[in-house]
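Asker: Just dropping this structure here.
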2 protein chains.
Amino acid sequence: MTKIDDRFYTVPELAENLGVTPRTIRFYEQKGLVAPQRAGTTRIYTRQDRARMLIILRGKRLGFTLKEIADYLDLYGADPTQAEQIKMLLTRVRERIDALEDQRQALDVTLDELREIEQQSIDALKEKGLDPVA
Amino acid sequence: MTKIDDRFYTVPELAENLGVTPRTIRFYEQKGLVAPQRAGTTRIYTRQDRARMLIILRGKRLGFTLKEIADYLDLYGADPTQAEQIKMLLTRVRERIDALEDQRQALDVTLDELREIEQQSIDALKEKGLDPVA
DNA sequence: AATCAAAGTGACGTTAACGTAAACTAATTG
DNA sequence: CAATTAGTTTACGTTAACGTCACTTTGATT
């Protein structure tokens, strides 16, 4: 018998557990990313809710907007085979990979230009008899 | 005798010439980055003003904020030897290089994670007998 | 029942770099 | 001289993802 984790979390507890602020969790709810049940007015988060939050946070880490994450999650559960969901994920992930590779390219170009300016600055200071380190 | 470029620009002309909108130029003035003379109410930009704009635009391309660019430009002209200006520039440029190198690192990590997800998605679709390309 | 901490609910603030729209004024053109 | 064209001014709008307050509500405890 494996013990199932049937623990419930309140907002502050879940926030603590996930390393985010309570405001963030409530904000996500307002954006339709999570929909916890209530006990009176208090939000109750199950392990499934927590799993959803983890997906959201991973999405954020990977640079997706909350809107994109919401679109993805909308298929979650509404798609028995989950094929559509995975296809959509694959599409978005590939878009993001392309975007990041472009960014990487641009970043390298910028770095080169900055290094050139750095060198020019060093040279200029040397000509004035100044130490570029100081 | 070299012909000097003593042409003057109005806001829309300079904007056109630099590939920015008039609003941008006026915005920079409001932020204290440029201070063109006036002919009545109309702004008059000299070649020096244009040079300043080019510096600003380069700074932007390199990822500096308008505030940082403004600080840099404040030394421009107020520093006869220009040594301080160059030192400051060097400091900022190095900071920016460090930041971008960090960014590059993070970006690579993210890319790896995305590629992993891509692969997992492909595998999942294949197991369902679906073509990951479609 | 009074109290008290915890949770919730607006609602406005923040940041950066402009965009947009409306209303003005000044100068030129027919 | 009226109309058009240019340029200016002012102020609010935009975007994303929350932060920060101030205030109210609840459920629980004494």
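Residue numbering restarts at 1 for every chain of the structure tokens, chains are lettered A, B, ... in their displayed order, and ligands are numbered from 1 as they appear.
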With 10 Å as the limit and counting only C-alpha atoms (C1' of nucleotides), what residues in chain B lie close to chain D? Please list them as JSON, numbers by chain.
Answerer: {"B": [10, 11, 12, 26, 41, 42, 43]}
Asker: Restricting it to C-alpha atoms, dump the selection as a PDB file, in the first residue's frame.
Answerer:
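The resulting file, result.pdb, is shown below:
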ATOM      1  CA  THR B  10      12.570  69.059 -37.888  1.00  0.00           C
ATOM      2  CA  VAL B  11      11.169  66.323 -35.708  1.00  0.00           C
ATOM      3  CA  PRO B  12       9.520  64.337 -38.502  1.00  0.00           C
ATOM      4  CA  ARG B  26       9.905  64.143 -28.252  1.00  0.00           C
ATOM      5  CA  THR B  41       7.771  76.446 -31.184  1.00  0.00           C
ATOM      6  CA  THR B  42       9.287  74.164 -33.775  1.00  0.00           C
ATOM      7  CA  ARG B  43      12.222  72.051 -32.726  1.00  0.00           C
TER       8      ARG B  43
END
Asker: Enumerate the residues of region 18-128 of chain A with a DSSP assignment of strand (DSSP E or B), computed from the backbone, and present them as JSON, numbers by chain.
Answerer: {"A": [37, 38, 39, 42, 43, 44, 45]}
Asker: With all heavy atoms retained, could you export that selection as an mmCIF file, in the first residue's frame?
Answerer:
data_model
loop_
_atom_site.group_PDB
_atom_site.id
_atom_site.type_symbol
_atom_site.label_atom_id
_atom_site.label_comp_id
_atom_site.auth_asym_id
_atom_site.auth_seq_id
_atom_site.Cartn_x
_atom_site.Cartn_y
_atom_site.Cartn_z
ATOM 1 N N GLN A 37 -11.463 24.560 -4.646
ATOM 2 C CA GLN A 37 -12.760 24.544 -3.990
ATOM 3 C C GLN A 37 -12.685 25.458 -2.784
ATOM 4 O O GLN A 37 -11.604 25.961 -2.441
ATOM 5 C CB GLN A 37 -13.087 23.119 -3.554
ATOM 6 C CG GLN A 37 -13.341 22.215 -4.736
ATOM 7 C CD GLN A 37 -13.912 20.882 -4.285
ATOM 8 O OE1 GLN A 37 -13.160 19.972 -3.981
ATOM 9 N NE2 GLN A 37 -15.230 20.802 -4.237
ATOM 10 N N ARG A 38 -13.840 25.624 -2.163
ATOM 11 C CA ARG A 38 -13.844 26.498 -1.004
ATOM 12 C C ARG A 38 -14.447 25.777 0.183
ATOM 13 O O ARG A 38 -15.301 24.900 0.028
ATOM 14 C CB ARG A 38 -14.698 27.738 -1.269
ATOM 15 C CG ARG A 38 -14.274 28.559 -2.463
ATOM 16 C CD ARG A 38 -13.191 29.535 -2.087
ATOM 17 N NE ARG A 38 -12.827 30.373 -3.224
ATOM 18 C CZ ARG A 38 -12.700 31.694 -3.150
ATOM 19 N NH1 ARG A 38 -12.894 32.332 -2.020
ATOM 20 N NH2 ARG A 38 -12.334 32.363 -4.214
ATOM 21 N N ALA A 39 -14.016 26.149 1.332
ATOM 22 C CA ALA A 39 -14.619 25.695 2.570
ATOM 23 C C ALA A 39 -15.033 27.008 3.175
ATOM 24 O O ALA A 39 -14.233 27.705 3.794
ATOM 25 C CB ALA A 39 -13.604 24.983 3.453
ATOM 26 N N THR A 42 -12.674 30.138 2.466
ATOM 27 C CA THR A 42 -11.277 29.714 2.370
ATOM 28 C C THR A 42 -11.029 28.736 1.229
ATOM 29 O O THR A 42 -11.753 27.771 1.044
ATOM 30 C CB THR A 42 -10.847 29.057 3.696
ATOM 31 O OG1 THR A 42 -10.985 30.013 4.748
ATOM 32 C CG2 THR A 42 -9.408 28.590 3.618
ATOM 33 N N ARG A 43 -10.006 29.037 0.448
ATOM 34 C CA ARG A 43 -9.660 28.176 -0.677
ATOM 35 C C ARG A 43 -8.987 26.903 -0.184
ATOM 36 O O ARG A 43 -8.149 26.945 0.720
ATOM 37 C CB ARG A 43 -8.698 28.908 -1.609
ATOM 38 C CG ARG A 43 -9.368 29.917 -2.505
ATOM 39 C CD ARG A 43 -8.353 30.862 -3.125
ATOM 40 N NE ARG A 43 -8.526 32.181 -2.548
ATOM 41 C CZ ARG A 43 -8.994 33.230 -3.217
ATOM 42 N NH1 ARG A 43 -9.271 33.136 -4.486
ATOM 43 N NH2 ARG A 43 -9.157 34.374 -2.610
ATOM 44 N N ILE A 44 -9.365 25.799 -0.794
ATOM 45 C CA ILE A 44 -8.796 24.504 -0.450
ATOM 46 C C ILE A 44 -8.121 23.932 -1.684
ATOM 47 O O ILE A 44 -8.767 23.721 -2.711
ATOM 48 C CB ILE A 44 -9.903 23.521 -0.014
ATOM 49 C CG1 ILE A 44 -10.669 24.089 1.187
ATOM 50 C CG2 ILE A 44 -9.304 22.158 0.307
ATOM 51 C CD1 ILE A 44 -9.811 24.293 2.400
ATOM 52 N N TYR A 45 -6.842 23.664 -1.562
ATOM 53 C CA TYR A 45 -6.091 23.115 -2.697
ATOM 54 C C TYR A 45 -5.785 21.645 -2.468
ATOM 55 O O TYR A 45 -5.282 21.266 -1.410
ATOM 56 C CB TYR A 45 -4.796 23.888 -2.909
ATOM 57 C CG TYR A 45 -5.050 25.325 -3.311
ATOM 58 C CD1 TYR A 45 -5.244 26.301 -2.338
ATOM 59 C CD2 TYR A 45 -5.136 25.681 -4.654
ATOM 60 C CE1 TYR A 45 -5.520 27.618 -2.696
ATOM 61 C CE2 TYR A 45 -5.411 26.990 -5.025
ATOM 62 C CZ TYR A 45 -5.604 27.951 -4.039
ATOM 63 O OH TYR A 45 -5.880 29.240 -4.408
#
Asker: Which one of B:Met88, B:Ala15, B:Leu62, B:Leu54 sits closest to chain A if you count only C-alpha atoms?
Answerer: B:Leu62
Asker: Return as a list of chain:residue names the residues belonging to chain B that are within 8 Å of chain C, counting only C-alpha atoms (C1' of nucleotides).
Answerer: B:Arg23, B:Thr24, B:Phe27
Asker: Can you build me a table of chain B residues sitting at most 7 Å from chain A, with the closest atom pair per residue and its distance in Å to one decimal, using only C-alpha atoms, sorted by chain and residue number, as a tab-separated table?
Answerer:
residue	atom	partner	partner_atom	distance
B:Leu62	CA	A:Thr110	CA	6.0
B:Ala83	CA	A:Leu125	CA	6.8
B:Ile86	CA	A:Ser121	CA	6.1
B:Leu90	CA	A:Glu118	CA	5.8
B:Val93	CA	A:Leu114	CA	6.3
B:Ile97	CA	A:Leu111	CA	6.4
B:Arg104	CA	A:Arg104	CA	6.9
B:Thr110	CA	A:Leu62	CA	6.0
B:Leu111	CA	A:Ile97	CA	6.3
B:Leu114	CA	A:Val93	CA	6.3
B:Glu118	CA	A:Leu90	CA	5.9
B:Ser121	CA	A:Ile86	CA	6.1
B:Leu125	CA	A:Ala83	CA	6.8
Asker: Could you take the residues named above and write them with N, CA, C and O atoms, as a compact mmCIF listing (two decimals), in the first residue's frame?
Answerer:
# COMPACT_ATOMS: atom_id res chain seq x y z
N LEU B 62 21.98 48.11 -27.52
CA LEU B 62 22.83 47.31 -26.64
C LEU B 62 22.14 46.96 -25.33
O LEU B 62 22.72 46.31 -24.47
N ALA B 83 37.78 61.41 -19.75
CA ALA B 83 38.29 60.20 -19.10
C ALA B 83 37.20 59.58 -18.22
O ALA B 83 36.96 58.38 -18.26
N ILE B 86 34.58 57.85 -20.25
CA ILE B 86 34.99 56.56 -20.79
C ILE B 86 35.05 55.49 -19.69
O ILE B 86 34.65 54.35 -19.90
N LEU B 90 32.98 52.14 -19.66
CA LEU B 90 33.61 50.83 -19.53
C LEU B 90 32.96 50.00 -18.42
O LEU B 90 32.68 48.81 -18.59
N VAL B 93 29.50 48.92 -19.58
CA VAL B 93 29.60 47.92 -20.65
C VAL B 93 29.97 46.56 -20.06
O VAL B 93 29.42 45.53 -20.46
N ILE B 97 27.88 43.18 -20.19
CA ILE B 97 28.44 41.94 -20.72
C ILE B 97 28.21 40.79 -19.74
O ILE B 97 27.76 39.71 -20.12
N ARG B 104 22.67 34.34 -21.25
CA ARG B 104 22.97 33.33 -22.26
C ARG B 104 23.01 31.94 -21.64
O ARG B 104 22.52 30.97 -22.20
N THR B 110 17.34 26.71 -20.47
CA THR B 110 15.94 26.69 -20.88
C THR B 110 15.76 25.94 -22.19
O THR B 110 14.85 25.13 -22.35
N LEU B 111 16.65 26.21 -23.11
CA LEU B 111 16.57 25.53 -24.40
C LEU B 111 16.69 24.02 -24.23
O LEU B 111 15.95 23.26 -24.86
N LEU B 114 13.46 22.70 -22.95
CA LEU B 114 12.43 22.72 -23.99
C LEU B 114 12.64 21.58 -24.98
O LEU B 114 11.69 20.92 -25.41
N GLU B 118 10.17 18.63 -25.95
CA GLU B 118 9.84 18.37 -27.35
C GLU B 118 9.96 16.87 -27.64
O GLU B 118 9.07 16.25 -28.22
N SER B 121 7.29 14.85 -26.04
CA SER B 121 6.02 15.02 -26.75
C SER B 121 5.99 14.15 -28.00
O SER B 121 5.00 13.49 -28.30
N LEU B 125 3.39 11.05 -28.78
CA LEU B 125 2.54 10.99 -29.96
C LEU B 125 2.78 9.72 -30.76
O LEU B 125 1.86 9.10 -31.29
Asker: Would you compute the distance between CA of Asp71 (chain B) and CA of Lys31 (chain B)? Give it in Å to one decimal.
Answerer: 11.2 Å
